[in-house]
file data_24.cif (mmCIF, C-alpha atoms)
data_final
#
loop_
_atom_site.label_atom_id
_atom_site.label_comp_id
_atom_site.auth_asym_id
_atom_site.auth_seq_id
_atom_site.Cartn_x
_atom_site.Cartn_y
_atom_site.Cartn_z
CA MET X 140 0.00 0.00 0.00
CA ALA X 141 1.26 3.51 -0.79
CA THR X 142 1.93 6.01 2.00
CA TYR X 143 2.03 9.79 2.04
CA SER X 144 3.14 11.88 5.03
CA ARG X 145 3.65 15.53 5.83
CA LEU X 146 4.99 17.13 9.00
CA THR X 147 4.91 20.75 10.15
CA ARG X 148 5.50 22.75 13.30
CA VAL X 149 2.74 25.03 14.61
CA SER X 150 3.44 27.82 17.10
CA ALA X 151 0.48 26.89 19.31
CA PRO X 152 0.11 24.59 22.32
CA LEU X 153 -0.92 20.97 21.84
CA SER X 154 -4.23 21.54 23.64
CA GLU X 155 -5.35 24.16 21.09
CA VAL X 156 -4.18 22.19 18.06
CA TRP X 157 -5.86 19.01 19.38
CA GLU X 158 -9.14 20.78 20.13
CA PHE X 159 -9.21 22.32 16.64
CA HIS X 160 -8.66 18.94 14.94
CA SER X 161 -11.22 17.21 17.19
CA ARG X 162 -14.19 18.99 15.64
CA VAL X 163 -15.84 18.71 12.24
CA SER X 164 -15.38 22.48 11.90
CA GLY X 165 -11.61 21.81 11.75
CA LEU X 166 -12.14 19.44 8.82
CA GLU X 167 -14.26 22.05 7.06
CA ALA X 168 -11.68 24.80 7.69
CA LEU X 169 -8.76 22.72 6.40
CA THR X 170 -10.36 21.25 3.28
CA PRO X 171 -9.33 23.36 0.28
CA GLU X 172 -12.19 25.30 -1.30
CA TRP X 173 -11.51 23.69 -4.68
CA MET X 174 -12.64 20.35 -3.18
CA ASN X 175 -16.19 21.78 -2.73
CA LEU X 176 -16.69 19.83 0.50
CA ARG X 177 -20.20 19.38 1.85
CA ILE X 178 -20.74 17.71 5.23
CA GLU X 179 -23.93 15.70 4.82
CA SER X 180 -24.13 14.37 8.39
CA VAL X 181 -22.04 13.65 11.47
CA THR X 182 -23.01 10.94 13.94
CA GLY X 183 -21.34 10.28 17.27
CA PRO X 184 -20.40 6.82 18.53
CA ASP X 185 -23.73 6.46 20.34
CA GLY X 186 -25.76 7.60 17.34
CA GLU X 187 -26.18 11.21 18.50
CA PRO X 188 -26.23 13.72 15.63
CA ASP X 189 -23.63 16.49 15.36
CA PRO X 190 -21.39 15.66 18.35
CA ASP X 191 -19.13 18.43 19.65
CA VAL X 192 -16.04 16.17 19.53
CA LEU X 193 -15.22 13.49 16.97
CA GLU X 194 -14.66 10.58 19.35
CA ALA X 195 -13.72 7.06 18.24
CA GLY X 196 -16.79 5.63 16.54
CA SER X 197 -17.96 8.95 15.06
CA GLU X 198 -18.99 8.79 11.42
CA ILE X 199 -18.84 11.63 8.92
CA GLU X 200 -20.85 11.47 5.72
CA MET X 201 -19.58 14.01 3.21
CA SER X 202 -19.42 14.69 -0.47
CA MET X 203 -16.92 16.50 -2.66
CA ARG X 204 -16.79 17.79 -6.19
CA PRO X 205 -13.12 18.57 -6.87
CA LEU X 206 -12.65 21.62 -9.09
CA GLY X 207 -16.40 21.62 -9.68
CA LEU X 208 -15.98 18.85 -12.26
CA GLY X 209 -18.05 15.70 -12.60
CA PRO X 210 -20.62 14.36 -10.17
CA ARG X 211 -20.26 14.80 -6.40
CA GLN X 212 -18.18 12.02 -4.83
CA ARG X 213 -19.56 10.56 -1.62
CA TRP X 214 -17.15 9.75 1.21
CA THR X 215 -17.86 8.09 4.55
CA SER X 216 -15.15 8.49 7.17
CA VAL X 217 -15.12 6.76 10.56
CA ILE X 218 -12.91 7.78 13.48
CA VAL X 219 -11.49 4.38 14.47
CA ALA X 220 -9.01 5.46 17.17
CA ARG X 221 -8.46 8.50 19.36
CA GLU X 222 -5.89 8.87 22.15
CA SER X 223 -4.30 11.78 23.96
CA ASP X 224 -2.18 12.66 26.96
CA GLU X 225 -0.38 15.84 27.98
CA ASP X 226 2.51 15.26 25.53
CA SER X 227 0.85 13.83 22.42
CA ALA X 228 -2.42 13.04 20.71
CA THR X 229 -3.45 10.84 17.80
CA PHE X 230 -6.58 10.00 15.92
CA ARG X 231 -7.14 7.79 12.91
CA ASP X 232 -9.95 7.90 10.40
CA GLU X 233 -10.73 5.30 7.77
CA MET X 234 -12.75 5.68 4.62
CA ARG X 235 -15.63 3.21 4.66
CA GLY X 236 -17.03 4.31 1.34
CA GLY X 237 -15.59 6.67 -1.24
CA PRO X 238 -13.29 7.13 -4.19
CA PHE X 239 -10.26 5.16 -2.89
CA ALA X 240 -9.93 1.39 -2.53
CA THR X 241 -8.24 2.08 0.83
CA TRP X 242 -7.76 5.29 2.85
CA ILE X 243 -6.38 5.27 6.40
CA HIS X 244 -5.44 8.72 7.71
CA THR X 245 -3.46 9.02 10.96
CA HIS X 246 -3.22 12.48 12.53
CA ARG X 247 -0.40 12.86 15.09
CA PHE X 248 0.30 15.82 17.35
CA VAL X 249 3.34 16.10 19.64
CA ALA X 250 3.95 18.88 22.15
CA ASP X 251 7.34 20.56 21.82
CA GLY X 252 7.45 23.38 24.36
CA ASP X 253 4.96 26.05 23.29
CA GLU X 254 4.73 24.51 19.83
CA THR X 255 3.09 21.42 18.36
CA ILE X 256 4.46 19.10 15.70
CA VAL X 257 1.63 18.09 13.38
CA GLU X 258 1.93 15.03 11.18
CA ASP X 259 -0.49 13.59 8.66
CA GLU X 260 0.13 10.08 7.39
CA VAL X 261 -2.13 8.51 4.79
CA GLU X 262 -2.01 4.86 3.74
CA TYR X 263 -3.99 4.55 0.54
CA GLU X 264 -4.71 2.58 -2.55
CA LEU X 265 -6.38 3.79 -5.71
CA PRO X 266 -9.30 1.77 -7.09
CA GLY X 267 -8.83 -0.60 -10.01
CA GLY X 268 -7.17 -3.64 -8.49
CA GLN X 269 -3.58 -4.27 -9.54
CA LEU X 270 -3.57 -1.31 -11.92
CA GLY X 271 -4.74 0.99 -9.09
CA ARG X 272 -2.13 -0.42 -6.72
CA SER X 273 0.57 0.17 -9.34
CA ALA X 274 -0.55 3.76 -9.96
CA SER X 275 -1.10 4.64 -6.28
CA PRO X 276 2.36 6.23 -5.70
CA LEU X 277 1.53 8.77 -8.41
CA ALA X 278 -1.30 10.21 -6.27
CA VAL X 279 1.33 12.23 -4.39
CA VAL X 280 0.93 14.76 -7.22
CA GLY X 281 -2.51 15.63 -5.81
CA PHE X 282 -1.79 14.99 -2.14
CA GLU X 283 1.22 17.29 -1.86
CA PRO X 284 -0.56 20.57 -2.70
CA MET X 285 -3.64 19.58 -0.70
CA PHE X 286 -1.73 18.71 2.49
CA ARG X 287 0.69 21.62 2.06
CA GLY X 288 -2.39 23.84 2.00
CA ARG X 289 -3.92 22.11 5.03
CA HIS X 290 -0.75 22.61 7.07
CA ARG X 291 -0.39 26.24 5.95
CA LYS X 292 -4.03 26.87 6.93
CA THR X 293 -3.50 25.17 10.32
CA LYS X 294 -0.64 27.57 11.00
CA ALA X 295 -2.63 30.59 9.80
CA LEU X 296 -5.64 29.74 12.00
CA LEU X 297 -3.78 28.72 15.16
CA GLU X 298 -0.63 30.86 15.33
#
call {"tool": "encode", "arguments": {"input": "data_24.cif", "output": "structure tokens"}}
result
Amino acid sequence: MATYSRLTRVSAPLSEVWEFHSRVSGLEALTPEWMNLRIESVTGPDGEPDPDVLEAGSEIEMSMRPLGLGPRQRWTSVIVARESDEDSATFRDEMRGGPFATWIHTHRFVADGDETIVEDEVEYELPGGQLGRSASPLAVVGFEPMFRGRHRKTKALLE
């Protein structure tokens, strides 16, 4: 499976960075406008609609229409793990339905004094069986500008 990762340093305490990334509003703020994201619904682990915090078991139903081209693409993401302590925090979401054969996104946050190291790691596979697996490393062409923008926006909003 192909992997993409990006790391950046944010001049904000871990608690603030973690809180920002723990809410669906963080996802909305960090998704580039050209993706035309629409959150269709958010359900907490106990079935409650629109939870304040995306705990393990939360499910996000969304759709996107990149660059305004083609039909809207549906995407279901489930928070499968969430852990934090005073020095670090992690959550992982997995695509349960959407445009990729596999999408596992791990978000890591590590306190470093008054700053936070933010890392995104995505394990993914394009659809199409063996052909998709072979072409998956090429997806970095799209991931790099998207995640560079997400990290730049994180810094702009939290510093």
call {"tool": "closest_residue", "arguments": {"input": "data_24.cif", "among": "X:Glu179, X:Glu167, X:Glu283, X:Glu260", "to": "Gln212 in chain X", "atoms": "all atoms listed in the file"}}
result
X:Glu179
call {"tool": "residues_around", "arguments": {"input": "data_24.cif", "residues": "range 237-244 of chain X", "least_positions_apart": "3", "cutoff": "12 Å", "atoms": "all atoms listed in the file", "output": "ChimeraX atom specification"}}
result
/X:140-145,199-205,210-220,229-234,247,258-272,275,278,286
call {"tool": "write_last_selection", "arguments": {"input": "data_24.cif", "atoms": "C-alpha atoms", "output": "short mmCIF file (atom, residue, chain, number, x, y, z; two decimals), in the coordinates of the input"}}
result
data_model
loop_
_atom_site.label_atom_id
_atom_site.label_comp_id
_atom_site.auth_asym_id
_atom_site.auth_seq_id
_atom_site.Cartn_x
_atom_site.Cartn_y
_atom_site.Cartn_z
CA MET X 140 0.00 0.00 0.00
CA ALA X 141 1.26 3.51 -0.79
CA THR X 142 1.93 6.01 2.00
CA TYR X 143 2.03 9.79 2.04
CA SER X 144 3.14 11.88 5.03
CA ARG X 145 3.65 15.53 5.83
CA ILE X 199 -18.84 11.63 8.92
CA GLU X 200 -20.85 11.47 5.72
CA MET X 201 -19.58 14.01 3.21
CA SER X 202 -19.42 14.69 -0.47
CA MET X 203 -16.92 16.50 -2.66
CA ARG X 204 -16.79 17.79 -6.19
CA PRO X 205 -13.12 18.57 -6.87
CA PRO X 210 -20.62 14.36 -10.17
CA ARG X 211 -20.26 14.80 -6.40
CA GLN X 212 -18.18 12.02 -4.83
CA ARG X 213 -19.56 10.56 -1.62
CA TRP X 214 -17.15 9.75 1.21
CA THR X 215 -17.86 8.09 4.55
CA SER X 216 -15.15 8.49 7.17
CA VAL X 217 -15.12 6.76 10.56
CA ILE X 218 -12.91 7.78 13.48
CA VAL X 219 -11.49 4.38 14.47
CA ALA X 220 -9.01 5.46 17.17
CA THR X 229 -3.45 10.84 17.80
CA PHE X 230 -6.58 10.00 15.92
CA ARG X 231 -7.14 7.79 12.91
CA ASP X 232 -9.95 7.90 10.40
CA GLU X 233 -10.73 5.30 7.77
CA MET X 234 -12.75 5.68 4.62
CA ARG X 247 -0.40 12.86 15.09
CA GLU X 258 1.93 15.03 11.18
CA ASP X 259 -0.49 13.59 8.66
CA GLU X 260 0.13 10.08 7.39
CA VAL X 261 -2.13 8.51 4.79
CA GLU X 262 -2.01 4.86 3.74
CA TYR X 263 -3.99 4.55 0.54
CA GLU X 264 -4.71 2.58 -2.55
CA LEU X 265 -6.38 3.79 -5.71
CA PRO X 266 -9.30 1.77 -7.09
CA GLY X 267 -8.83 -0.60 -10.01
CA GLY X 268 -7.17 -3.64 -8.49
CA GLN X 269 -3.58 -4.27 -9.54
CA LEU X 270 -3.57 -1.31 -11.92
CA GLY X 271 -4.74 0.99 -9.09
CA ARG X 272 -2.13 -0.42 -6.72
CA SER X 275 -1.10 4.64 -6.28
CA ALA X 278 -1.30 10.21 -6.27
CA PHE X 286 -1.73 18.71 2.49
#
call {"tool": "residues_around", "arguments": {"input": "data_24.cif", "residues": "Asp189 in chain X", "least_positions_apart": "3", "cutoff": "10 Å", "atoms": "only C-alpha atoms", "output": "compact mmCIF listing (two decimals) with C-alpha atoms, in the frame of the given file"}}
result
# COMPACT_ATOMS: atom_id res chain seq x y z
CA ARG X 162 -14.19 18.99 15.64
CA VAL X 163 -15.84 18.71 12.24
CA SER X 180 -24.13 14.37 8.39
CA VAL X 181 -22.04 13.65 11.47
CA THR X 182 -23.01 10.94 13.94
CA GLY X 183 -21.34 10.28 17.27
CA GLY X 186 -25.76 7.60 17.34
CA VAL X 192 -16.04 16.17 19.53
CA LEU X 193 -15.22 13.49 16.97
CA SER X 197 -17.96 8.95 15.06
CA GLU X 198 -18.99 8.79 11.42
CA ILE X 199 -18.84 11.63 8.92
call {"tool": "resolve_selection", "arguments": {"input": "data_24.cif", "expression": "the PyMOL selection byres ((chain X and resi 157-160) around 10)", "output": "ChimeraX atom specification"}}
result
/X:152-156,161-166,168-169,192-193,223,227-230,246-249,255,257,293,296-297
call {"tool": "closest_residue", "arguments": {"input": "data_24.cif", "among": "X:Ala250, X:Ala195, X:Leu206, X:Met174", "to": "Ala151 in chain X", "atoms": "all atoms listed in the file"}}
result
X:Ala250
call {"tool": "atom_distance", "arguments": {"input": "data_24.cif", "atom1": "CA of Arg177 in chain X", "atom2": "CA of Pro284 in chain X"}}
result
20.2 Å
call {"tool": "atom_distance", "arguments": {"input": "data_24.cif", "atom1": "CA of Phe282 in chain X", "atom2": "CA of Thr170 in chain X"}}
result
11.9 Å
call {"tool": "closest_residue", "arguments": {"input": "data_24.cif", "among": "X:Leu208, X:Glu172, X:Ile256, X:Pro184", "to": "His290 in chain X", "atoms": "all atoms listed in the file"}}
result
X:Ile256
call {"tool": "atom_distance", "arguments": {"input": "data_24.cif", "atom1": "CA of Pro276 in chain X", "atom2": "CA of Arg148 in chain X"}}
result
25.4 Å
